[in-house]
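Undergrad: Sharing work-v7.tsv below, TSV, C-alpha atoms:
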chain	number	residue	atom	x	y	z
C	1	MET	CA	59.78	0.99	7.90
C	2	LYS	CA	57.99	4.17	6.88
C	3	SER	CA	55.61	2.17	4.74
C	4	ALA	CA	54.90	-0.26	7.57
C	5	TRP	CA	54.24	2.66	9.92
C	6	LYS	CA	51.85	4.18	7.38
C	7	THR	CA	50.06	0.87	7.03
C	8	THR	CA	49.74	0.53	10.77
C	9	LEU	CA	48.47	4.09	11.08
C	10	SER	CA	45.97	3.58	8.27
C	11	ALA	CA	44.69	0.44	9.91
C	12	ALA	CA	44.36	2.28	13.22
C	13	VAL	CA	42.50	5.17	11.59
C	14	LEU	CA	40.22	2.79	9.73
C	15	GLY	CA	39.56	0.86	12.93
C	16	THR	CA	38.73	4.06	14.77
C	17	MET	CA	36.44	5.20	11.97
C	18	LEU	CA	34.63	1.89	12.01
C	19	ALA	CA	34.26	2.03	15.78
C	20	VAL	CA	32.96	5.60	15.70
C	21	SER	CA	30.66	4.72	12.84
C	22	ALA	CA	29.34	1.69	14.72
C	23	ALA	CA	28.83	3.76	17.86
C	24	GLY	CA	26.99	6.40	15.87
C	25	ALA	CA	24.76	3.79	14.30
C	26	ALA	CA	24.00	2.34	17.72
C	27	PHE	CA	22.99	5.74	19.03
C	28	ALA	CA	20.98	6.54	15.94
C	29	THR	CA	18.88	3.44	16.23
C	30	ALA	CA	19.27	2.89	19.93
C	31	SER	CA	15.76	3.31	21.22
C	32	SER	CA	12.61	5.28	21.57
C	33	ASP	CA	13.21	8.94	22.29
C	34	PRO	CA	10.14	10.69	23.63
C	35	SER	CA	11.93	14.05	23.59
C	36	THR	CA	12.60	14.11	19.83
C	37	PRO	CA	10.79	17.19	18.47
C	38	THR	CA	9.09	15.68	15.45
C	39	PRO	CA	5.63	16.85	14.40
C	40	THR	CA	2.64	15.09	15.90
C	41	VAL	CA	0.04	13.56	13.62
C	42	ALA	CA	-3.35	14.96	14.60
C	43	PRO	CA	-5.51	12.06	15.78
C	44	LYS	CA	-9.02	11.59	14.45
C	45	VAL	CA	-11.33	12.75	17.21
C	46	PRO	CA	-14.90	11.46	17.27
C	47	LYS	CA	-17.51	14.18	17.83
C	48	THR	CA	-20.77	12.68	19.09
C	49	ALA	CA	-21.30	10.47	22.11
C	50	ALA	CA	-22.24	7.58	19.81
C	51	GLU	CA	-19.07	8.01	17.77
C	52	CYS	CA	-17.03	8.13	20.95
C	53	GLN	CA	-18.67	4.97	22.28
C	54	GLN	CA	-17.90	3.23	19.00
C	55	ALA	CA	-14.31	4.46	19.11
C	56	ILE	CA	-13.91	2.93	22.56
C	57	THR	CA	-15.56	-0.34	21.49
C	58	ASP	CA	-13.15	-0.54	18.54
C	59	ARG	CA	-10.17	-0.02	20.83
C	60	LEU	CA	-11.33	-2.60	23.34
C	61	ALA	CA	-11.63	-5.07	20.45
C	62	GLU	CA	-8.10	-4.16	19.34
C	63	ILE	CA	-6.85	-4.76	22.88
C	64	THR	CA	-8.45	-8.22	22.88
C	65	LYS	CA	-6.77	-8.93	19.55
C	66	LEU	CA	-3.40	-7.80	20.89
C	67	GLU	CA	-3.81	-9.96	24.00
C	68	GLY	CA	-4.40	-12.91	21.68
C	69	ARG	CA	-1.21	-12.12	19.78
C	70	ILE	CA	0.72	-11.93	23.07
C	71	GLY	CA	-0.70	-15.29	24.15
C	72	ASP	CA	0.30	-16.88	20.84
C	73	ALA	CA	3.77	-15.38	20.92
C	74	ALA	CA	4.33	-16.59	24.47
C	75	THR	CA	3.12	-20.14	23.88
C	76	LYS	CA	4.09	-20.82	20.26
C	77	GLY	CA	6.84	-18.22	19.84
C	78	HIS	CA	9.61	-16.87	22.02
C	79	LEU	CA	8.08	-13.90	23.83
C	80	THR	CA	9.42	-14.11	27.39
C	81	LYS	CA	7.04	-14.40	30.32
C	82	THR	CA	8.40	-11.15	31.76
C	83	ASP	CA	7.78	-9.24	28.54
C	84	ALA	CA	4.35	-10.83	28.07
C	85	ALA	CA	3.42	-9.74	31.61
C	86	ALA	CA	4.66	-6.20	30.95
C	87	LEU	CA	2.62	-5.93	27.75
C	88	ASN	CA	-0.47	-7.41	29.37
C	89	GLY	CA	-0.06	-4.87	32.17
C	90	LEU	CA	-0.07	-1.99	29.69
C	91	LEU	CA	-3.10	-3.35	27.87
C	92	GLY	CA	-4.94	-4.13	31.11
C	93	ALA	CA	-4.52	-0.55	32.30
C	94	ALA	CA	-5.76	0.76	28.95
C	95	GLN	CA	-8.74	-1.59	29.08
C	96	THR	CA	-9.67	-0.36	32.57
C	97	GLY	CA	-9.28	3.29	31.60
C	98	LEU	CA	-11.25	2.99	28.38
C	99	SER	CA	-14.05	1.05	30.09
C	100	ALA	CA	-14.34	3.78	32.74
C	101	LEU	CA	-14.48	6.39	30.00
C	102	GLN	CA	-17.12	4.40	28.18
C	103	GLY	CA	-19.30	4.51	31.30
C	104	LYS	CA	-18.90	8.26	31.54
C	105	ILE	CA	-19.55	9.27	27.95
C	106	SER	CA	-23.14	10.15	27.08
C	107	PRO	CA	-24.94	12.94	25.16
C	108	SER	CA	-25.32	14.79	28.48
C	109	ASP	CA	-21.65	14.47	29.40
C	110	PRO	CA	-20.54	18.06	30.21
C	111	THR	CA	-16.95	17.27	29.17
C	112	LEU	CA	-17.85	15.22	26.09
C	113	ALA	CA	-15.36	16.88	23.74
C	114	ALA	CA	-12.43	16.48	26.14
C	115	ASP	CA	-13.41	12.90	26.97
C	116	CYS	CA	-13.66	12.00	23.28
C	117	ARG	CA	-10.27	13.56	22.62
C	118	SER	CA	-8.74	11.61	25.49
C	119	ILE	CA	-9.66	8.32	23.80
C	120	ALA	CA	-6.82	9.07	21.42
C	121	THR	CA	-4.44	11.18	23.47
C	122	ASP	CA	-4.58	9.29	26.78
C	123	PHE	CA	-4.47	5.77	25.34
C	124	ARG	CA	-2.90	5.73	21.84
C	125	ILE	CA	-3.98	2.12	21.34
C	126	TYR	CA	-3.26	2.05	17.59
C	127	ALA	CA	-0.34	4.45	17.47
C	128	LEU	CA	1.61	3.23	20.52
C	129	ARG	CA	0.23	0.20	22.39
C	130	ALA	CA	-0.16	-1.99	19.29
C	131	PRO	CA	3.37	-1.19	18.03
C	132	GLN	CA	4.79	-1.82	21.52
C	133	VAL	CA	3.27	-5.31	21.39
C	134	HIS	CA	4.50	-6.11	17.89
C	135	LEU	CA	7.98	-4.68	18.44
C	136	THR	CA	8.47	-6.52	21.74
C	137	ILE	CA	7.43	-9.81	20.17
C	138	SER	CA	9.75	-9.16	17.23
C	139	PHE	CA	12.64	-8.32	19.56
C	140	ASP	CA	12.28	-11.51	21.62
C	141	ASN	CA	11.89	-13.64	18.49
C	142	GLU	CA	14.96	-12.11	16.91
C	143	GLN	CA	17.02	-12.70	20.05
C	144	TRP	CA	16.01	-16.35	19.94
C	145	ARG	CA	16.94	-16.58	16.25
C	146	VAL	CA	20.40	-15.13	16.87
C	147	THR	CA	21.05	-17.86	19.44
C	148	LYS	CA	19.54	-20.65	17.35
C	149	LEU	CA	21.25	-19.68	14.09
C	150	GLY	CA	24.51	-19.10	15.97
C	151	ASP	CA	24.32	-22.64	17.29
C	152	ALA	CA	23.66	-23.99	13.77
C	153	VAL	CA	26.58	-22.07	12.30
C	154	THR	CA	28.91	-23.19	15.10
C	155	LYS	CA	28.02	-26.86	14.59
C	156	LEU	CA	28.21	-26.72	10.79
C	157	THR	CA	31.53	-24.88	10.92
C	158	ALA	CA	32.89	-27.57	13.23
C	159	LEU	CA	31.62	-30.25	10.83
C	160	THR	CA	33.28	-28.64	7.83
C	161	GLY	CA	36.55	-28.85	9.74
C	162	THR	CA	36.26	-32.63	10.00
C	163	ILE	CA	36.07	-33.35	6.27
C	164	THR	CA	38.34	-32.86	3.29
C	165	GLY	CA	35.85	-33.42	0.52
C	166	GLY	CA	33.16	-35.79	-0.65
C	167	VAL	CA	30.55	-33.04	-0.61
C	168	PRO	CA	29.33	-30.83	-3.50
C	169	ASP	CA	31.14	-27.64	-2.48
C	170	LEU	CA	33.12	-27.60	0.78
C	171	ASP	CA	34.68	-24.17	0.15
C	172	GLY	CA	31.26	-22.77	-0.74
C	173	ALA	CA	29.87	-24.10	2.52
C	174	LYS	CA	32.70	-22.52	4.49
C	175	ALA	CA	32.21	-19.17	2.76
C	176	ALA	CA	28.46	-19.26	3.41
C	177	LEU	CA	29.04	-20.03	7.08
C	178	ALA	CA	31.56	-17.20	7.37
C	179	ASP	CA	28.99	-14.80	5.91
C	180	ALA	CA	26.31	-16.16	8.25
C	181	GLY	CA	28.64	-15.34	11.15
C	182	THR	CA	28.96	-11.76	9.90
C	183	GLN	CA	25.20	-11.38	9.49
C	184	LEU	CA	24.63	-12.75	12.98
C	185	ALA	CA	27.18	-10.36	14.44
C	186	ASN	CA	25.39	-7.46	12.76
C	187	ALA	CA	22.01	-8.60	14.05
C	188	SER	CA	23.36	-9.16	17.55
C	189	SER	CA	24.97	-5.72	17.59
C	190	ALA	CA	21.71	-4.08	16.50
C	191	LEU	CA	19.71	-5.93	19.15
C	192	GLN	CA	22.17	-4.90	21.85
C	193	GLY	CA	21.50	-1.27	20.92
C	194	PHE	CA	17.77	-1.75	21.30
C	195	SER	CA	16.26	-0.58	24.59
C	196	LEU	CA	13.25	-2.76	25.30
C	197	SER	CA	12.75	-1.14	28.70
C	198	GLY	CA	12.70	2.26	26.98
C	199	LEU	CA	10.09	1.05	24.52
C	200	LEU	CA	7.86	-0.41	27.22
C	201	ALA	CA	8.18	2.71	29.37
C	202	LEU	CA	6.71	4.98	26.69
C	203	ALA	CA	3.44	6.53	27.85
C	204	PRO	CA	0.64	7.71	25.54
C	205	GLN	CA	1.35	11.30	26.56
C	206	GLN	CA	4.94	10.95	25.31
C	207	TRP	CA	3.88	9.76	21.90
C	208	HIS	CA	4.81	11.73	18.77
C	209	ALA	CA	5.06	10.76	15.11
C	210	GLY	CA	8.74	9.79	15.22
C	211	VAL	CA	8.89	8.21	18.65
C	212	LEU	CA	9.21	4.64	17.34
C	213	THR	CA	11.20	5.29	14.18
C	214	GLY	CA	14.56	4.23	15.65
C	215	ASP	CA	13.17	1.05	17.20
C	216	VAL	CA	11.43	0.01	13.98
C	217	SER	CA	14.57	0.66	11.95
C	218	THR	CA	16.72	-1.37	14.36
C	219	LEU	CA	14.44	-4.39	14.36
C	220	LYS	CA	13.94	-4.31	10.60
C	221	GLY	CA	17.69	-4.23	10.11
C	222	ALA	CA	18.24	-7.15	12.48
C	223	HIS	CA	15.40	-9.05	10.80
C	224	SER	CA	17.01	-8.57	7.41
C	225	ASP	CA	20.39	-9.76	8.77
C	226	LEU	CA	18.78	-12.85	10.27
C	227	LYS	CA	17.03	-13.69	7.00
C	228	ALA	CA	20.39	-13.46	5.23
C	229	ALA	CA	22.01	-15.66	7.89
C	230	ALA	CA	19.26	-18.27	7.52
C	231	ALA	CA	19.75	-18.24	3.74
C	232	ASP	CA	23.50	-18.73	4.28
C	233	VAL	CA	22.83	-21.77	6.47
C	234	HIS	CA	20.56	-23.21	3.76
C	235	LYS	CA	23.30	-22.68	1.18
C	236	ALA	CA	25.89	-24.30	3.46
C	237	LEU	CA	23.65	-27.34	3.93
C	238	ALA	CA	23.17	-27.60	0.17
C	239	ASP	CA	26.91	-27.24	-0.41
C	240	LEU	CA	27.43	-30.07	2.07
C	241	GLY	CA	24.97	-32.21	0.11
C	242	LYS	CA	22.27	-32.02	2.80
O	1	MET	CA	17.36	-9.25	29.49
O	2	ASN	CA	20.97	-8.05	29.68
O	3	THR	CA	22.03	-11.58	30.50
O	4	THR	CA	20.25	-12.86	27.41
O	5	ILE	CA	21.89	-10.22	25.26
O	6	ALA	CA	25.29	-11.05	26.74
O	7	ARG	CA	24.73	-14.74	26.00
O	8	CYS	CA	23.77	-13.90	22.43
O	9	ALA	CA	26.87	-11.74	22.04
O	10	LEU	CA	29.05	-14.55	23.36
O	11	ALA	CA	27.41	-17.06	21.03
O	12	VAL	CA	27.93	-14.79	18.05
O	13	ALA	CA	31.57	-14.19	19.03
O	14	ALA	CA	32.09	-17.94	19.18
O	15	VAL	CA	30.43	-18.35	15.78
O	16	LEU	CA	32.64	-15.69	14.23
O	17	ALA	CA	35.77	-17.26	15.67
O	18	LEU	CA	34.78	-20.69	14.41
O	19	ALA	CA	33.67	-19.36	11.03
O	20	ALA	CA	36.97	-17.50	10.61
O	21	CYS	CA	38.80	-20.64	11.62
O	22	GLY	CA	36.78	-22.70	9.16
O	23	ALA	CA	37.33	-20.25	6.32
O	24	SER	CA	41.07	-19.99	6.88
O	25	SER	CA	41.47	-23.72	7.24
O	26	SER	CA	40.11	-24.52	3.80
O	27	THR	CA	43.57	-24.94	2.35
O	28	THR	CA	45.03	-26.45	5.52
O	29	VAL	CA	42.52	-29.28	5.53
O	30	ALA	CA	43.46	-30.22	2.00
O	31	THR	CA	47.10	-30.72	3.00
O	32	THR	CA	46.34	-32.64	6.18
O	33	PRO	CA	47.60	-36.24	5.88
O	34	ALA	CA	44.83	-38.67	5.16
O	35	PRO	CA	43.69	-40.93	8.05
O	36	ALA	CA	45.10	-44.00	6.33
O	37	ALA	CA	48.62	-42.55	6.42
O	38	THR	CA	48.53	-41.71	10.13
O	39	ALA	CA	46.87	-44.99	11.03
O	40	ALA	CA	50.10	-46.82	10.25
O	41	ALA	CA	51.74	-45.70	13.51
O	42	PRO	CA	50.01	-48.14	15.91
O	43	GLU	CA	51.03	-51.10	13.75
O	44	VAL	CA	54.71	-50.38	14.43
O	45	SER	CA	54.16	-50.43	18.16
O	46	SER	CA	53.45	-53.71	19.94
O	47	ALA	CA	51.25	-51.97	22.49
O	48	PRO	CA	47.58	-53.00	22.29
O	49	THR	CA	45.37	-50.37	20.66
O	50	PRO	CA	42.08	-49.55	22.37
O	51	SER	CA	39.07	-50.89	20.53
O	52	THR	CA	36.88	-48.26	18.94
O	53	PRO	CA	33.14	-48.72	18.52
O	54	ALA	CA	32.25	-48.95	14.85
O	55	SER	CA	29.68	-46.15	15.21
O	56	GLN	CA	32.14	-43.61	16.61
O	57	PRO	CA	32.89	-40.76	14.19
O	58	PRO	CA	36.41	-40.44	12.87
O	59	SER	CA	38.60	-38.09	14.87
O	60	THR	CA	40.57	-36.96	11.83
O	61	ALA	CA	39.54	-35.40	8.55
O	62	THR	CA	37.44	-37.63	6.36
O	63	SER	CA	35.45	-37.47	3.15
O	64	GLY	CA	31.75	-36.50	3.24
O	65	LEU	CA	29.34	-36.28	6.17
O	66	THR	CA	28.60	-39.93	6.71
O	67	ALA	CA	29.08	-40.73	10.40
O	68	PRO	CA	25.89	-41.20	12.46
O	69	LEU	CA	26.72	-38.32	14.81
O	70	GLN	CA	27.27	-36.00	11.86
O	71	SER	CA	23.92	-37.02	10.39
O	72	GLN	CA	22.21	-36.38	13.73
O	73	THR	CA	23.80	-32.96	13.96
O	74	VAL	CA	22.78	-32.05	10.43
O	75	SER	CA	19.23	-33.30	11.07
O	76	SER	CA	18.90	-31.15	14.19
O	77	ILE	CA	20.27	-28.13	12.33
O	78	LYS	CA	17.83	-28.66	9.47
O	79	ALA	CA	14.94	-28.88	11.94
O	80	ALA	CA	16.04	-25.67	13.68
O	81	VAL	CA	16.40	-23.79	10.39
O	82	ALA	CA	13.00	-25.04	9.22
O	83	GLN	CA	11.48	-23.65	12.44
O	84	ILE	CA	13.28	-20.34	11.92
O	85	ASP	CA	12.01	-20.15	8.32
O	86	ALA	CA	8.45	-20.76	9.47
O	87	GLU	CA	8.65	-18.09	12.17
O	88	LEU	CA	10.34	-15.41	10.06
O	89	ALA	CA	6.99	-14.79	8.39
O	90	GLY	CA	5.47	-14.03	11.80
O	91	THR	CA	7.98	-11.25	12.37
O	92	ASP	CA	7.30	-9.95	8.86
O	93	GLY	CA	3.67	-9.65	9.96
O	94	ASP	CA	4.52	-7.93	13.26
O	95	LEU	CA	6.79	-5.38	11.59
O	96	SER	CA	4.23	-4.79	8.85
O	97	SER	CA	1.59	-4.08	11.51
O	98	VAL	CA	3.89	-1.49	13.04
O	99	ASP	CA	4.33	0.16	9.64
O	100	SER	CA	0.55	0.51	9.39
O	101	ALA	CA	0.34	1.99	12.88
O	102	MET	CA	3.11	4.51	12.23
O	103	GLY	CA	0.76	6.63	10.13
O	104	ARG	CA	-1.79	6.92	12.92
O	105	GLY	CA	-1.98	9.36	15.78
O	106	ASP	CA	-4.53	7.56	17.88
Let me see the file written as structure tokens.

TA:
Amino acid sequence: MKSAWKTTLSAAVLGTMLAVSAAGAAFATASSDPSTPTPTVAPKVPKTAAECQQAITDRLAEITKLEGRIGDAATKGHLTKTDAAALNGLLGAAQTGLSALQGKISPSDPTLAADCRSIATDFRIYALRAPQVHLTISFDNEQWRVTKLGDAVTKLTALTGTITGGVPDLDGAKAALADAGTQLANASSALQGFSLSGLLALAPQQWHAGVLTGDVSTLKGAHSDLKAAAADVHKALADLGK
Amino acid sequence: MNTTIARCALAVAAVLALAACGASSSTTVATTPAPAATAAAPEVSSAPTPSTPASQPPSTATSGLTAPLQSQTVSSIKAAVAQIDAELAGTDGDLSSVDSAMGRGD
């Protein structure tokens, strides 16, 4: 009786530890935190009017490139229309602001230094807008993969229950599918802790060097889990002789 | 977005339940009576047995994935996984771009 009680208690403690650990992990990677006091990387500030004009031209070209990536991800990938519209809204505002600044900057501009500095600090095209685009696309794609791989694992698991043999390695297939389920659960859990609205709400003025660290870590972890799940499905298919 | 996440969570929960079921049933399946043994029952009865289309998959455990429906399912799964494989590289590229941007302040 005492032993059974101890076992029950140990299981309860372990379960609690796992839950606390999972909760901690979710908070640690949850989302962008603009208030985190990490050091800011000093942006490169162009000095002359010509350098500033070139800096704006470069950023407008980057915006065009990012808009192309959004278009591709929405038509060929799984970026949702809502998220594509949100990203295009951010880029459109940056494009308008940078174009206005471009019209203002000249050698006789009395606030040339401040205007040149604002190209970096008020827009953060490379440090914030570009990552927001790539992370949002990654997030939507990974959500789609969780669903698609989950469907594949469900169907294959059901199939393995209908046969007794006649395939290269039925037990191997079942083990691979069980592992795929675990990997998918991990990826799904990570994605649930990801705040896309928090990411999209980040303004250039809130940017600091560590502002995206949690988001990047979360999506990389989920990506790794999904790769492992896809490999498991391949192994299961091979074990089933397919 | 929350709805999508909830759907994903439900799908994953279903996968885990099925996977656990599949894993634990590996020994059970082996001891399940073969279809030939259970098929003897209708012969004892004089009641007419409903005709079964030849293409219908067996409802009990069988050997190998040979039925047409099973082949269709496997084909659709293979197509889905091939698409996932092709698109994983795209996410590699997106995440790599973010890594490059992380070192910039502008």

Undergrad: What does the distance between CA of Ser224 in chain C and CA of Gly90 in chain O come to in Å, to one decimal place?

TA: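 Separation between CA of Ser224 in chain C and CA of Gly90 in chain O: 13.5 Å.
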
Undergrad: Go through C:Ala238, C:Ala113, C:Leu200, C:Ala229 one by one, measure the shortest atom-to-atom distance of each to Asp85 in chain O using all atoms listed in the file, and give the residue with the smallest value.

TA: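 Closest residue, counting all atoms listed in the file: C:Ala229.
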
Undergrad: Hey, can you check how far CA of Ile137 in chain C sits from CA of Ala178 in chain C?

TA: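 That distance, rounded to one decimal, is 28.3 Å.
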
Undergrad: If I take CA of Asp140 in chain C and CA of Thr80 in chain C, how far is one from the other in Å, to one decimal?

TA: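 So the two atoms, CA of Asp140 in chain C and CA of Thr80 in chain C, lie 6.9 Å apart.
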
Undergrad: Calculated over all atoms listed in the file, which of the candidates C:Ala100, C:Ala187, C:Val167, C:Ala222 has the smallest distance to chain O?

TA: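 Ranked by minimum distance to chain O, first place goes to C:Val167.
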
Undergrad: Do you know which residues are at most 8 Å from Gly77 in chain C counting all atoms listed in the file, after dropping those on the same chain fewer than 3 positions away, and could you put them as a ChimeraX atom specification?

TA: /C:72-74,141 /O:87

Undergrad: Starting from chain C, keep only residues with some atom at most 6 Å from an atom of chain O, counting only C-alpha atoms, and report them as a list in words.

TA: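 Result: Val41, Ala42, Pro43, Ala120, Arg124, Tyr126, Ala127, Pro131, His134, Ser138, Thr147, Gly150, Ala152, Thr154, Thr157, Thr162, Ile163, Thr164, Gly165, Gly166, Val167, Lys174, Ala178, Gly181 and Ala185 of chain C.
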
Undergrad: Generate the output file for the selected residues, C-alpha atoms, as a compact mmCIF listing (two decimals), in the coordinates of the input.

TA:
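As written to disk, selection.txt reads:
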# COMPACT_ATOMS: atom_id res chain seq x y z
CA VAL C 41 0.04 13.56 13.62
CA ALA C 42 -3.35 14.96 14.60
CA PRO C 43 -5.51 12.06 15.78
CA ALA C 120 -6.82 9.07 21.42
CA ARG C 124 -2.90 5.73 21.84
CA TYR C 126 -3.26 2.05 17.59
CA ALA C 127 -0.34 4.45 17.47
CA PRO C 131 3.37 -1.19 18.03
CA HIS C 134 4.50 -6.11 17.89
CA SER C 138 9.75 -9.16 17.23
CA THR C 147 21.05 -17.86 19.44
CA GLY C 150 24.51 -19.10 15.97
CA ALA C 152 23.66 -23.99 13.77
CA THR C 154 28.91 -23.19 15.10
CA THR C 157 31.53 -24.88 10.92
CA THR C 162 36.26 -32.63 10.00
CA ILE C 163 36.07 -33.35 6.27
CA THR C 164 38.34 -32.86 3.29
CA GLY C 165 35.85 -33.42 0.52
CA GLY C 166 33.16 -35.79 -0.65
CA VAL C 167 30.55 -33.04 -0.61
CA LYS C 174 32.70 -22.52 4.49
CA ALA C 178 31.56 -17.20 7.37
CA GLY C 181 28.64 -15.34 11.15
CA ALA C 185 27.18 -10.36 14.44

Undergrad: Please determine an axis-aligned box that encloses all atoms of range 110-116 of chain C listed in the file, with 4 Å added on each side, and express its centre and edge lengths in Å to one decimal as JSON.

TA:
{"center_x": -16.5, "center_y": 15.0, "center_z": 26.7, "size_x": 16.1, "size_y": 14.1, "size_z": 14.9}

Undergrad: Would you list the residues near (-20.4, 9.5, 24.4) (no more than 7 Å away, in the coordinates of the file, using all atoms listed in the file) as a ChimeraX atom specification?

TA: /C:48-53,105-107,112
